[in-house]
Amino acid sequence: MSHTFSRRSFLRTGLSGLAGATLLGPGIISSWASNSEPVEAVVIGSGFGGAVAALRLAQAGVRTLMLERGRRWTVTPEQNTFATLPRPDGRAAWLSPVTVLGAPTPIDVYTGVLERTDHDGISVYAGAGVGGGSLVYNGVTYQPKRELFERSFGSTVNYDEMEAVYYPRVRSMLRPSPLPADILATDYYKMTRIFLEMGARAGLPAHLADLNVDWNVVRAEIEGGRVPSALIGEFWYGNNSGCKNSLDKNYLAQAEASGYLQIMPLTVVTEINEAPGQRYVVTCEQIDESGATERRMQITCEQLFLAAGSMGTSKMLVKAKAKGTLSKLNEHVGQSWGNNGDFFGAQVGLPDTNPSQGGPASAVIEDHANPYGPTAVMCAPQWDASGGIINTLGLSIPPAKGVFRYDAATDSVKLTWPGNDPEIARSIQAGQLTYEKLNVASTTPTHQPATAFVAGGLTAHPLGGAVLGKACDRYGRVEGYKNLYVVDGALIPGSSGCTNPSFTIAALAERCMERIVPDILEKRRRSLSSVAS
């Protein structure tokens with residue numbers, strides 16, 4: 001049976017940040033987009049890379065228009081903004097007639113918060129909405145070790161610089177922290193305590209993860225002052241208690257407050273073209289909450305930032321190259337994609353973990369000396385898990401062998417992931433060995449742990465397609481073009497070094513913007529000087 005909800009209550013496309021916007025029929029057109037003059041900067045996508053770019057442009061006084069395919073998701077006083085895992089409805093999935101997690105459940109077709117796309121060899125999850133992936137991720141803010149970072153990036157990015165400057169810069173904005181002792185001691189987080197003990201018995205480093213979560217809100221959940229959300233593992237569809245510090249609360253909020261950023265939600269980019277004068281034309285459609293097109297439009301800009309995630313950015317570039325709208329893109333565009341080594345497992349036969357498993361993914365066990373390749377495994381809350389089960393997300397470092405190709409027959413771009421490739425299979429073997437170590441170490445006369453292992457056919461961490469030092473230079477400038485940049489996960493060659501990639505994506509975006517913004521301001525200065533003379 002389809003779950004329904006009141007559209008009147010949830011059609012919040014976000015008038016804030018669009019002061020002075022022109023209302024055209026039922027849709028909203030930004031005043032900057034409807035102006036006949038080119039917009040100074042356009043950012044496509046509002047996830048970690050796009051949010052960083054938008055704030056740094058706004059702080060420099062660069063008028064910036066952000067195009068986001070999804071809607072705004074603002075936690076309401078009633079704490080019912082998002083769908084829930086036990087009772088999903090249209091808000092749970094991006095323009096899908098069924099849910100995309102677990103067994104398919106019929107729902108209304110709606111611009112929901114989570115998208116799943118199925119490709120050759122892999123299925124990929126991505127967020128949709130103002131804040132991008134930060135709306136649906138577990139909040140894990142995980143810095144890779146030097147040797148694993150360099151295994152992914154080689155000498156393209158200096159780790160010392162990242163560690164000294166850019167990771168701290170992101171940390172100062174997000175303010176992540178590990179699970180506090182008082183919350184860890186509650187029954188809600190018994191799973192986390194058992195998981196840490198399991199790692200210790202296996203002789204593997206185990207520690208709490210830094211999480212982009214407001215723990216005072218979680219305390220309010222425990223005390224009954226907020227709707228239970230983190231406490232019952234609600235993250236995939238968003239958090240109704242407001243505990244998650246998603247990007248709309250920090251980077252994007254500050255950028256909008258500056259007056260230099262306008263966000264156009266429910267705006268789907270369909271094509272990008274080169275225009276005279278090293279400018280770009282972005283063709284897009286404004287849609288309603290059911291996905292129907294309300295208006296087609298073209299926006300000309302002087303600076304174009306691609307931040308639609310690895311999947312969105314790669315598809316746009318591959319399509320533009322194939323159709324000749326950006327014909328000077330090089331041969332590396334659409335190459336070097338990877339799944340961040342994602343694999344999944346469920347360990348059973350453990351001590352009672354409490355069916356109400358607190359979240360998000362609060363602890364990690366590292367097996368970096370694994371002979372098949374380094375791994376990390378983190379416990380992931382499951383709202384309907386029975387006692388004695390811990391669901392886990394694993395990370396490894398596979399080779400970046402995924403490839404995007406344009407299909408002229410369908411005017412679409414398709415991804416191929418060779419999951420059976422021997423080198424990729426080796427990273428799966430690494431995950432299997434890590435689980436075996438944990439199972440053996442946790443076996444007692446009363447508990448016989450075992451793991452139901454799922455290989456890497458799913459990923460929530462797509463990376464690559466427009467990689468640093470190949471499709472782009474070392475700072476995200478697209479090779480062959482001026483004023484065209486990539487600032488998202490497409491820059492990363494397939495793996496962020498056995499870590500969840502959001503922290504590294506944001507830090508790389510900070511690094512790119514520190515080089516790009518002065519170039520933009522210098523161009524503006526020269527242009528003004530030319531006019532004045």
# chains A, B, ... in the order shown; residues from 1 in each chain; ligands from 1
>>> residues_around(residues="segment 386-400 of chain A", least_positions_apart="5", cutoff="8 Å", atoms="only C-alpha atoms", output="ChimeraX atom specification")
/A:152,191,195,336-355,373-381,423-424,426-428,430-431,464,493-500
>>> closest_atom_pairs(of="segment 153-194 of chain A", to="segment 509-515 of chain A", cutoff="10 Å", atoms="only C-alpha atoms", output="Markdown table")
| residue | atom | partner | partner_atom | distance |
| --- | --- | --- | --- | --- |
| A:Val157 | CA | A:Arg511 | CA | 9.6 |
| A:Glu161 | CA | A:Arg511 | CA | 9.0 |
| A:Met162 | CA | A:Arg511 | CA | 7.9 |
| A:Val165 | CA | A:Arg511 | CA | 8.5 |
| A:Tyr166 | CA | A:Glu510 | CA | 6.2 |
| A:Tyr167 | CA | A:Glu510 | CA | 8.7 |
| A:Arg169 | CA | A:Glu510 | CA | 7.8 |
| A:Val170 | CA | A:Glu510 | CA | 7.7 |
>>> write_last_selection(atoms="N, CA and C atoms", output="PDB file, in the first residue's frame")
ATOM      1  N   VAL A 157      48.363  15.342  -4.651  1.00  0.00           N
ATOM      2  CA  VAL A 157      47.937  16.214  -3.554  1.00  0.00           C
ATOM      3  C   VAL A 157      48.883  16.004  -2.382  1.00  0.00           C
ATOM      4  N   GLU A 161      49.930  19.357   3.535  1.00  0.00           N
ATOM      5  CA  GLU A 161      49.118  20.558   3.330  1.00  0.00           C
ATOM      6  C   GLU A 161      47.659  20.283   3.716  1.00  0.00           C
ATOM      7  N   MET A 162      47.159  19.145   3.322  1.00  0.00           N
ATOM      8  CA  MET A 162      45.783  18.791   3.671  1.00  0.00           C
ATOM      9  C   MET A 162      45.615  18.693   5.186  1.00  0.00           C
ATOM     10  N   VAL A 165      46.177  22.371   6.829  1.00  0.00           N
ATOM     11  CA  VAL A 165      45.350  23.515   6.437  1.00  0.00           C
ATOM     12  C   VAL A 165      43.906  23.134   6.153  1.00  0.00           C
ATOM     13  N   TYR A 166      43.675  22.202   5.251  1.00  0.00           N
ATOM     14  CA  TYR A 166      42.338  22.050   4.679  1.00  0.00           C
ATOM     15  C   TYR A 166      41.424  21.137   5.478  1.00  0.00           C
ATOM     16  N   TYR A 167      41.941  20.037   6.032  1.00  0.00           N
ATOM     17  CA  TYR A 167      41.097  19.264   6.940  1.00  0.00           C
ATOM     18  C   TYR A 167      40.704  20.100   8.156  1.00  0.00           C
ATOM     19  N   ARG A 169      40.324  23.282   8.290  1.00  0.00           N
ATOM     20  CA  ARG A 169      39.384  24.321   7.851  1.00  0.00           C
ATOM     21  C   ARG A 169      37.963  23.760   7.782  1.00  0.00           C
ATOM     22  N   VAL A 170      37.834  22.567   7.241  1.00  0.00           N
ATOM     23  CA  VAL A 170      36.509  21.937   7.193  1.00  0.00           C
ATOM     24  C   VAL A 170      36.033  21.605   8.603  1.00  0.00           C
TER      25      VAL A 170
END
>>> residues_around(residues="Ser310 of chain A", least_positions_apart="2", cutoff="7 Å", atoms="only C-alpha atoms", output="list in words")
Ala308, Gly312, Thr313, Ser314, Pro462, Leu463, Gly464, Gly465, Asp488, Gly489 and Ala490 of chain A
>>> write_last_selection(atoms="all heavy atoms", output="PDB file, in the first residue's frame")
ATOM      1  N   ALA A 308      27.962  18.347  -8.836  1.00  0.00           N
ATOM      2  CA  ALA A 308      26.769  17.504  -8.802  1.00  0.00           C
ATOM      3  C   ALA A 308      27.082  16.098  -8.320  1.00  0.00           C
ATOM      4  O   ALA A 308      26.302  15.172  -8.556  1.00  0.00           O
ATOM      5  CB  ALA A 308      26.130  17.460 -10.186  1.00  0.00           C
ATOM      6  N   GLY A 312      26.782  12.858 -11.114  1.00  0.00           N
ATOM      7  CA  GLY A 312      26.210  13.963 -11.872  1.00  0.00           C
ATOM      8  C   GLY A 312      27.235  14.722 -12.685  1.00  0.00           C
ATOM      9  O   GLY A 312      27.035  15.009 -13.874  1.00  0.00           O
ATOM     10  N   THR A 313      28.355  15.057 -12.070  1.00  0.00           N
ATOM     11  CA  THR A 313      29.402  15.803 -12.767  1.00  0.00           C
ATOM     12  C   THR A 313      29.994  14.993 -13.912  1.00  0.00           C
ATOM     13  O   THR A 313      30.175  15.498 -15.028  1.00  0.00           O
ATOM     14  CB  THR A 313      30.500  16.205 -11.773  1.00  0.00           C
ATOM     15  OG1 THR A 313      29.964  17.199 -10.877  1.00  0.00           O
ATOM     16  CG2 THR A 313      31.716  16.773 -12.478  1.00  0.00           C
ATOM     17  N   SER A 314      30.297  13.727 -13.660  1.00  0.00           N
ATOM     18  CA  SER A 314      30.886  12.886 -14.708  1.00  0.00           C
ATOM     19  C   SER A 314      29.938  12.743 -15.887  1.00  0.00           C
ATOM     20  O   SER A 314      30.350  12.830 -17.057  1.00  0.00           O
ATOM     21  CB  SER A 314      31.240  11.509 -14.145  1.00  0.00           C
ATOM     22  OG  SER A 314      32.194  11.610 -13.110  1.00  0.00           O
ATOM     23  N   PRO A 462      30.304   7.133  -4.436  1.00  0.00           N
ATOM     24  CA  PRO A 462      30.890   7.177  -5.785  1.00  0.00           C
ATOM     25  C   PRO A 462      31.970   8.237  -5.892  1.00  0.00           C
ATOM     26  O   PRO A 462      31.802   9.356  -5.408  1.00  0.00           O
ATOM     27  CB  PRO A 462      29.684   7.510  -6.666  1.00  0.00           C
ATOM     28  CG  PRO A 462      28.747   8.249  -5.763  1.00  0.00           C
ATOM     29  CD  PRO A 462      28.915   7.610  -4.410  1.00  0.00           C
ATOM     30  N   LEU A 463      33.080   7.879  -6.528  1.00  0.00           N
ATOM     31  CA  LEU A 463      34.223   8.797  -6.637  1.00  0.00           C
ATOM     32  C   LEU A 463      34.867   8.659  -8.014  1.00  0.00           C
ATOM     33  O   LEU A 463      34.992   7.568  -8.551  1.00  0.00           O
ATOM     34  CB  LEU A 463      35.271   8.487  -5.557  1.00  0.00           C
ATOM     35  CG  LEU A 463      34.830   8.636  -4.104  1.00  0.00           C
ATOM     36  CD1 LEU A 463      35.906   8.090  -3.168  1.00  0.00           C
ATOM     37  CD2 LEU A 463      34.522  10.089  -3.772  1.00  0.00           C
ATOM     38  N   GLY A 464      35.314   9.785  -8.555  1.00  0.00           N
ATOM     39  CA  GLY A 464      36.064   9.765  -9.799  1.00  0.00           C
ATOM     40  C   GLY A 464      35.226  10.170 -10.995  1.00  0.00           C
ATOM     41  O   GLY A 464      34.057  10.530 -10.890  1.00  0.00           O
ATOM     42  N   GLY A 465      35.864  10.124 -12.156  1.00  0.00           N
ATOM     43  CA  GLY A 465      35.233  10.511 -13.409  1.00  0.00           C
ATOM     44  C   GLY A 465      35.778  11.800 -13.985  1.00  0.00           C
ATOM     45  O   GLY A 465      35.678  12.053 -15.178  1.00  0.00           O
ATOM     46  N   ASP A 488      34.051  18.459  -6.643  1.00  0.00           N
ATOM     47  CA  ASP A 488      33.334  17.450  -5.860  1.00  0.00           C
ATOM     48  C   ASP A 488      34.054  16.106  -5.897  1.00  0.00           C
ATOM     49  O   ASP A 488      35.235  16.018  -6.246  1.00  0.00           O
ATOM     50  CB  ASP A 488      31.896  17.331  -6.351  1.00  0.00           C
ATOM     51  CG  ASP A 488      31.800  16.896  -7.815  1.00  0.00           C
ATOM     52  OD1 ASP A 488      32.832  16.468  -8.386  1.00  0.00           O
ATOM     53  OD2 ASP A 488      30.706  16.984  -8.397  1.00  0.00           O
ATOM     54  N   GLY A 489      33.346  15.033  -5.559  1.00  0.00           N
ATOM     55  CA  GLY A 489      33.953  13.711  -5.492  1.00  0.00           C
ATOM     56  C   GLY A 489      34.452  13.175  -6.809  1.00  0.00           C
ATOM     57  O   GLY A 489      35.203  12.193  -6.829  1.00  0.00           O
ATOM     58  N   ALA A 490      34.064  13.791  -7.936  1.00  0.00           N
ATOM     59  CA  ALA A 490      34.592  13.361  -9.236  1.00  0.00           C
ATOM     60  C   ALA A 490      36.096  13.559  -9.323  1.00  0.00           C
ATOM     61  O   ALA A 490      36.764  12.921 -10.142  1.00  0.00           O
ATOM     62  CB  ALA A 490      33.892  14.127 -10.365  1.00  0.00           C
TER      63      ALA A 490
END
>>> residues_around(residues="segment 105-110 of chain A", least_positions_apart="2", cutoff="9 Å", atoms="only C-alpha atoms", output="compact mmCIF listing (two decimals) with N, CA and C atoms, in the first residue's frame")
# COMPACT_ATOMS: atom_id res chain seq x y z
N MET A 1 0.85 -1.19 0.00
CA MET A 1 0.00 0.00 0.00
C MET A 1 0.88 1.24 0.00
N SER A 2 0.54 2.23 -0.78
CA SER A 2 1.34 3.45 -0.87
C SER A 2 1.13 4.31 0.35
N HIS A 3 2.22 4.80 0.92
CA HIS A 3 2.14 5.78 2.00
C HIS A 3 2.02 7.16 1.37
N THR A 4 1.11 7.97 1.86
CA THR A 4 0.92 9.32 1.33
C THR A 4 1.20 10.33 2.41
N PHE A 5 1.30 11.60 2.03
CA PHE A 5 1.57 12.67 2.97
C PHE A 5 1.01 13.95 2.41
N PRO A 88 7.94 4.57 5.14
CA PRO A 88 8.41 5.40 4.03
C PRO A 88 7.25 5.91 3.17
N ASP A 89 7.47 7.07 2.57
CA ASP A 89 6.52 7.61 1.59
C ASP A 89 7.33 8.29 0.50
N GLY A 90 6.71 9.13 -0.30
CA GLY A 90 7.39 9.73 -1.44
C GLY A 90 8.63 10.52 -1.08
N ARG A 91 8.68 11.04 0.13
CA ARG A 91 9.85 11.81 0.55
C ARG A 91 11.11 10.96 0.64
N ALA A 92 10.97 9.65 0.65
CA ALA A 92 12.11 8.74 0.84
C ALA A 92 12.93 8.52 -0.41
N ALA A 93 12.41 8.82 -1.59
CA ALA A 93 13.12 8.43 -2.82
C ALA A 93 12.96 9.50 -3.89
N TRP A 94 14.01 9.64 -4.70
CA TRP A 94 14.02 10.63 -5.77
C TRP A 94 13.26 10.07 -6.99
N LEU A 95 12.04 10.60 -7.20
CA LEU A 95 11.24 10.32 -8.40
C LEU A 95 11.16 8.83 -8.70
N SER A 96 10.84 8.05 -7.68
CA SER A 96 10.73 6.60 -7.82
C SER A 96 9.35 6.16 -7.32
N PRO A 97 8.70 5.20 -8.01
CA PRO A 97 7.41 4.71 -7.53
C PRO A 97 7.52 3.73 -6.37
N VAL A 98 8.76 3.32 -6.05
CA VAL A 98 8.99 2.41 -4.92
C VAL A 98 10.19 2.90 -4.12
N THR A 99 10.28 2.45 -2.89
CA THR A 99 11.44 2.78 -2.06
C THR A 99 12.69 2.16 -2.65
N VAL A 100 13.84 2.75 -2.33
CA VAL A 100 15.11 2.28 -2.91
C VAL A 100 16.02 1.66 -1.86
N LEU A 101 15.53 1.49 -0.65
CA LEU A 101 16.24 0.76 0.41
C LEU A 101 15.42 -0.45 0.79
N GLY A 102 16.08 -1.59 0.95
CA GLY A 102 15.37 -2.79 1.37
C GLY A 102 14.37 -3.27 0.33
N ALA A 103 13.35 -3.97 0.80
CA ALA A 103 12.32 -4.48 -0.10
C ALA A 103 11.53 -3.32 -0.69
N GLY A 112 12.02 13.06 -3.63
CA GLY A 112 12.49 12.64 -2.31
C GLY A 112 13.99 12.77 -2.15
N ASP A 288 8.42 20.50 -10.74
CA ASP A 288 7.63 20.53 -9.52
C ASP A 288 7.98 19.31 -8.68
N GLU A 289 7.28 19.14 -7.55
CA GLU A 289 7.65 18.09 -6.62
C GLU A 289 7.31 16.68 -7.10
N SER A 290 6.60 16.59 -8.23
CA SER A 290 6.35 15.27 -8.81
C SER A 290 7.30 14.98 -9.97
N GLY A 291 8.20 15.93 -10.27
CA GLY A 291 9.18 15.76 -11.33
C GLY A 291 8.76 16.31 -12.67
>>> residues_around(residues="Asn273 of chain A", least_positions_apart="5", cutoff="8 Å", atoms="only C-alpha atoms", output="ChimeraX atom specification")
/A:280-282,320,325-326
>>> write_last_selection(atoms="N, CA, C and O atoms", output="short mmCIF file (atom, residue, chain, number, x, y, z; two decimals), in the first residue's frame")
data_model
loop_
_atom_site.label_atom_id
_atom_site.label_comp_id
_atom_site.auth_asym_id
_atom_site.auth_seq_id
_atom_site.Cartn_x
_atom_site.Cartn_y
_atom_site.Cartn_z
N TYR A 280 29.91 30.19 -20.29
CA TYR A 280 29.20 28.92 -20.41
C TYR A 280 27.69 29.15 -20.35
O TYR A 280 27.23 30.06 -19.66
N VAL A 281 26.96 28.33 -21.09
CA VAL A 281 25.51 28.35 -21.06
C VAL A 281 25.04 27.05 -20.41
O VAL A 281 25.39 25.95 -20.87
N VAL A 282 24.26 27.19 -19.34
CA VAL A 282 23.72 26.04 -18.63
C VAL A 282 22.24 25.93 -18.98
O VAL A 282 21.46 26.85 -18.72
N ALA A 320 28.73 16.17 -22.60
CA ALA A 320 29.17 17.38 -23.30
C ALA A 320 30.29 17.08 -24.29
O ALA A 320 30.33 17.65 -25.39
N THR A 325 29.49 19.84 -27.21
CA THR A 325 29.23 21.13 -26.57
C THR A 325 30.42 21.60 -25.74
O THR A 325 30.55 22.78 -25.44
N LEU A 326 31.27 20.63 -25.33
CA LEU A 326 32.57 20.93 -24.72
C LEU A 326 33.58 19.99 -25.40
O LEU A 326 34.04 19.00 -24.82
#
>>> closest_residue(among="A:Gln278, A:Gln254, A:Asn370, A:Asn212", to="Asn483 of chain A", atoms="only C-alpha atoms")
A:Gln278
>>> closest_residue(among="A:Asp367, A:Glu68, A:Glu221, A:Asp120", to="Ile263 of chain A", atoms="only C-alpha atoms")
A:Glu68
>>> atom_distance(atom1="atom CA of Val318 of chain A", atom2="atom CA of Tyr406 of chain A")
6.5 Å
>>> select_by_dssp(residues="segment 401-490 of chain A", states="alpha helix (DSSP H)", output="list in words")
Pro422, Glu423, Ile424, Ala425, Arg426, Ser427, Ile428, Gln429, Ala430, Gly431, Gln432, Leu433, Thr434, Tyr435, Glu436, Lys437, Leu438, Asn439, Val440, Ala441 and Ser442 of chain A
>>> write_last_selection(atoms="C-alpha atoms", output="mmCIF file, in the first residue's frame")
data_model
loop_
_atom_site.group_PDB
_atom_site.id
_atom_site.type_symbol
_atom_site.label_atom_id
_atom_site.label_comp_id
_atom_site.auth_asym_id
_atom_site.auth_seq_id
_atom_site.Cartn_x
_atom_site.Cartn_y
_atom_site.Cartn_z
ATOM 1 C CA PRO A 422 40.874 -9.708 -10.185
ATOM 2 C CA GLU A 423 42.269 -6.544 -8.585
ATOM 3 C CA ILE A 424 38.815 -5.419 -7.508
ATOM 4 C CA ALA A 425 38.012 -8.931 -6.282
ATOM 5 C CA ARG A 426 41.150 -8.764 -4.128
ATOM 6 C CA SER A 427 39.732 -5.805 -2.207
ATOM 7 C CA ILE A 428 36.614 -7.878 -1.525
ATOM 8 C CA GLN A 429 38.838 -10.699 -0.253
ATOM 9 C CA ALA A 430 40.395 -8.173 2.112
ATOM 10 C CA GLY A 431 36.968 -7.446 3.567
ATOM 11 C CA GLN A 432 36.193 -11.134 3.957
ATOM 12 C CA LEU A 433 39.441 -11.696 5.853
ATOM 13 C CA THR A 434 38.692 -8.803 8.226
ATOM 14 C CA TYR A 435 35.319 -10.334 9.090
ATOM 15 C CA GLU A 436 36.943 -13.724 9.641
ATOM 16 C CA LYS A 437 39.356 -12.154 12.149
ATOM 17 C CA LEU A 438 36.457 -10.536 14.002
ATOM 18 C CA ASN A 439 34.409 -13.736 14.031
ATOM 19 C CA VAL A 440 37.249 -15.882 15.358
ATOM 20 C CA ALA A 441 38.170 -13.404 18.068
ATOM 21 C CA SER A 442 34.556 -13.012 19.211
#
>>> residues_around(residues="Gln286 of chain A", least_positions_apart="5", cutoff="9 Å", atoms="only C-alpha atoms", output="number ranges by chain")
A: 27-29, 69, 264-269, 291-297
>>> write_last_selection(atoms="C-alpha atoms", output="PDB file, in the first residue's frame")
ATOM      1  CA  GLY A  27       7.852  28.052 -10.130  1.00  0.00           C
ATOM      2  CA  ILE A  28      10.523  30.354  -8.792  1.00  0.00           C
ATOM      3  CA  ILE A  29      13.103  31.987 -11.037  1.00  0.00           C
ATOM      4  CA  ARG A  69      17.891  19.400  -8.474  1.00  0.00           C
ATOM      5  CA  MET A 264      17.478  27.603  -7.044  1.00  0.00           C
ATOM      6  CA  PRO A 265      16.091  24.273  -5.805  1.00  0.00           C
ATOM      7  CA  LEU A 266      14.164  21.865  -8.020  1.00  0.00           C
ATOM      8  CA  THR A 267      16.359  22.854 -10.968  1.00  0.00           C
ATOM      9  CA  VAL A 268      17.714  19.996 -13.093  1.00  0.00           C
ATOM     10  CA  VAL A 269      20.653  20.727 -15.400  1.00  0.00           C
ATOM     11  CA  GLY A 291       9.178  15.755 -11.333  1.00  0.00           C
ATOM     12  CA  ALA A 292       7.084  17.434 -14.038  1.00  0.00           C
ATOM     13  CA  THR A 293       8.855  20.192 -15.969  1.00  0.00           C
ATOM     14  CA  GLU A 294       7.439  23.645 -15.297  1.00  0.00           C
ATOM     15  CA  ARG A 295       9.914  25.765 -17.207  1.00  0.00           C
ATOM     16  CA  ARG A 296      12.984  25.353 -19.371  1.00  0.00           C
ATOM     17  CA  MET A 297      15.661  28.016 -19.243  1.00  0.00           C
TER      18      MET A 297
END
>>> select_by_dssp(residues="segment 151-213 of chain A", states="strand (DSSP E or B)", output="compact mmCIF listing (two decimals) with all heavy atoms, in the first residue's frame")
# COMPACT_ATOMS: atom_id res chain seq x y z
N SER A 177 32.56 15.60 16.31
CA SER A 177 33.11 15.07 17.56
C SER A 177 32.62 13.64 17.75
O SER A 177 31.59 13.24 17.19
CB SER A 177 32.68 15.93 18.75
OG SER A 177 31.27 15.97 18.86
N ALA A 206 40.48 -0.05 17.16
CA ALA A 206 39.06 0.28 17.14
C ALA A 206 38.86 1.59 17.89
O ALA A 206 39.43 1.79 18.96
CB ALA A 206 38.24 -0.84 17.78
N HIS A 207 38.07 2.47 17.32
CA HIS A 207 37.88 3.77 17.97
C HIS A 207 36.55 4.37 17.56
O HIS A 207 35.93 3.97 16.55
CB HIS A 207 39.02 4.72 17.61
CG HIS A 207 39.17 4.97 16.13
ND1 HIS A 207 38.45 5.94 15.46
CD2 HIS A 207 39.95 4.37 15.19
CE1 HIS A 207 38.79 5.93 14.17
NE2 HIS A 207 39.69 4.98 13.99
N LEU A 208 36.09 5.32 18.34
CA LEU A 208 34.89 6.07 17.99
C LEU A 208 35.20 6.98 16.80
O LEU A 208 36.31 7.52 16.71
CB LEU A 208 34.40 6.89 19.17
CG LEU A 208 33.91 6.10 20.39
CD1 LEU A 208 33.65 7.04 21.56
CD2 LEU A 208 32.64 5.33 20.04
N LEU A 211 31.81 12.50 14.33
CA LEU A 211 30.52 12.57 13.65
C LEU A 211 30.02 14.00 13.59
O LEU A 211 30.14 14.76 14.56
CB LEU A 211 29.50 11.69 14.37
CG LEU A 211 29.88 10.21 14.51
CD1 LEU A 211 28.88 9.49 15.39
CD2 LEU A 211 29.95 9.55 13.15
N VAL A 213 27.39 15.66 14.14
CA VAL A 213 26.12 15.52 14.85
C VAL A 213 26.10 16.47 16.04
O VAL A 213 27.13 16.68 16.70
CB VAL A 213 25.94 14.05 15.33
CG1 VAL A 213 24.80 13.92 16.32
CG2 VAL A 213 25.71 13.14 14.13
>>> closest_residue(among="A:Gly225, A:Gly132, A:Pro77, A:Pro501", to="Asp248 of chain A", atoms="only C-alpha atoms")
A:Gly132
>>> closest_residue(among="A:Gly309, A:Pro449, A:Gly469, A:Gly334", to="Phe404 of chain A", atoms="only C-alpha atoms")
A:Gly334
>>> closest_residue(among="A:Pro418, A:Pro205, A:Gly457, A:Gly358", to="Ala385 of chain A", atoms="only C-alpha atoms")
A:Gly358
>>> closest_residue(among="A:Lys323, A:Lys470, A:Arg405, A:Arg175", to="Val140 of chain A", atoms="only C-alpha atoms")
A:Arg175
>>> residues_around(residues="Glu223 of chain A", least_positions_apart="6", cutoff="12 Å", atoms="only C-alpha atoms", output="ChimeraX atom specification")
/A:183,186,216-217,231
>>> closest_atom_pairs(of="segment 384-437 of chain A", to="segment 114-117 of chain A", cutoff="12 Å", atoms="only C-alpha atoms", output="tab-separated table")
residue	atom	partner	partner_atom	distance
A:Val413	CA	A:Thr117	CA	11.8
A:Lys414	CA	A:Thr117	CA	10.1
A:Leu415	CA	A:Thr117	CA	10.0
>>> decode(residues="segment 506-526 of chain A", atoms="C-alpha atoms", output="compact mmCIF listing (two decimals), in the first residue's frame")
# COMPACT_ATOMS: atom_id res chain seq x y z
CA ALA A 506 35.22 19.15 1.35
CA ALA A 507 38.93 19.59 2.16
CA LEU A 508 39.88 19.22 -1.51
CA ALA A 509 37.22 21.79 -2.43
CA GLU A 510 38.71 24.19 0.13
CA ARG A 511 42.12 23.60 -1.42
CA CYS A 512 40.82 24.22 -4.94
CA MET A 513 38.90 27.36 -4.00
CA GLU A 514 41.92 28.90 -2.30
CA ARG A 515 43.63 28.89 -5.72
CA ILE A 516 40.61 29.62 -7.89
CA VAL A 517 39.04 32.58 -6.08
CA PRO A 518 42.10 34.89 -6.42
CA ASP A 519 42.14 34.14 -10.17
CA ILE A 520 38.49 35.19 -10.43
CA LEU A 521 39.09 38.39 -8.51
CA GLU A 522 42.12 39.22 -10.64
CA LYS A 523 40.07 38.69 -13.79
CA ARG A 524 37.41 41.02 -12.40
CA ARG A 525 40.03 43.65 -11.54
CA ARG A 526 41.47 43.54 -15.05
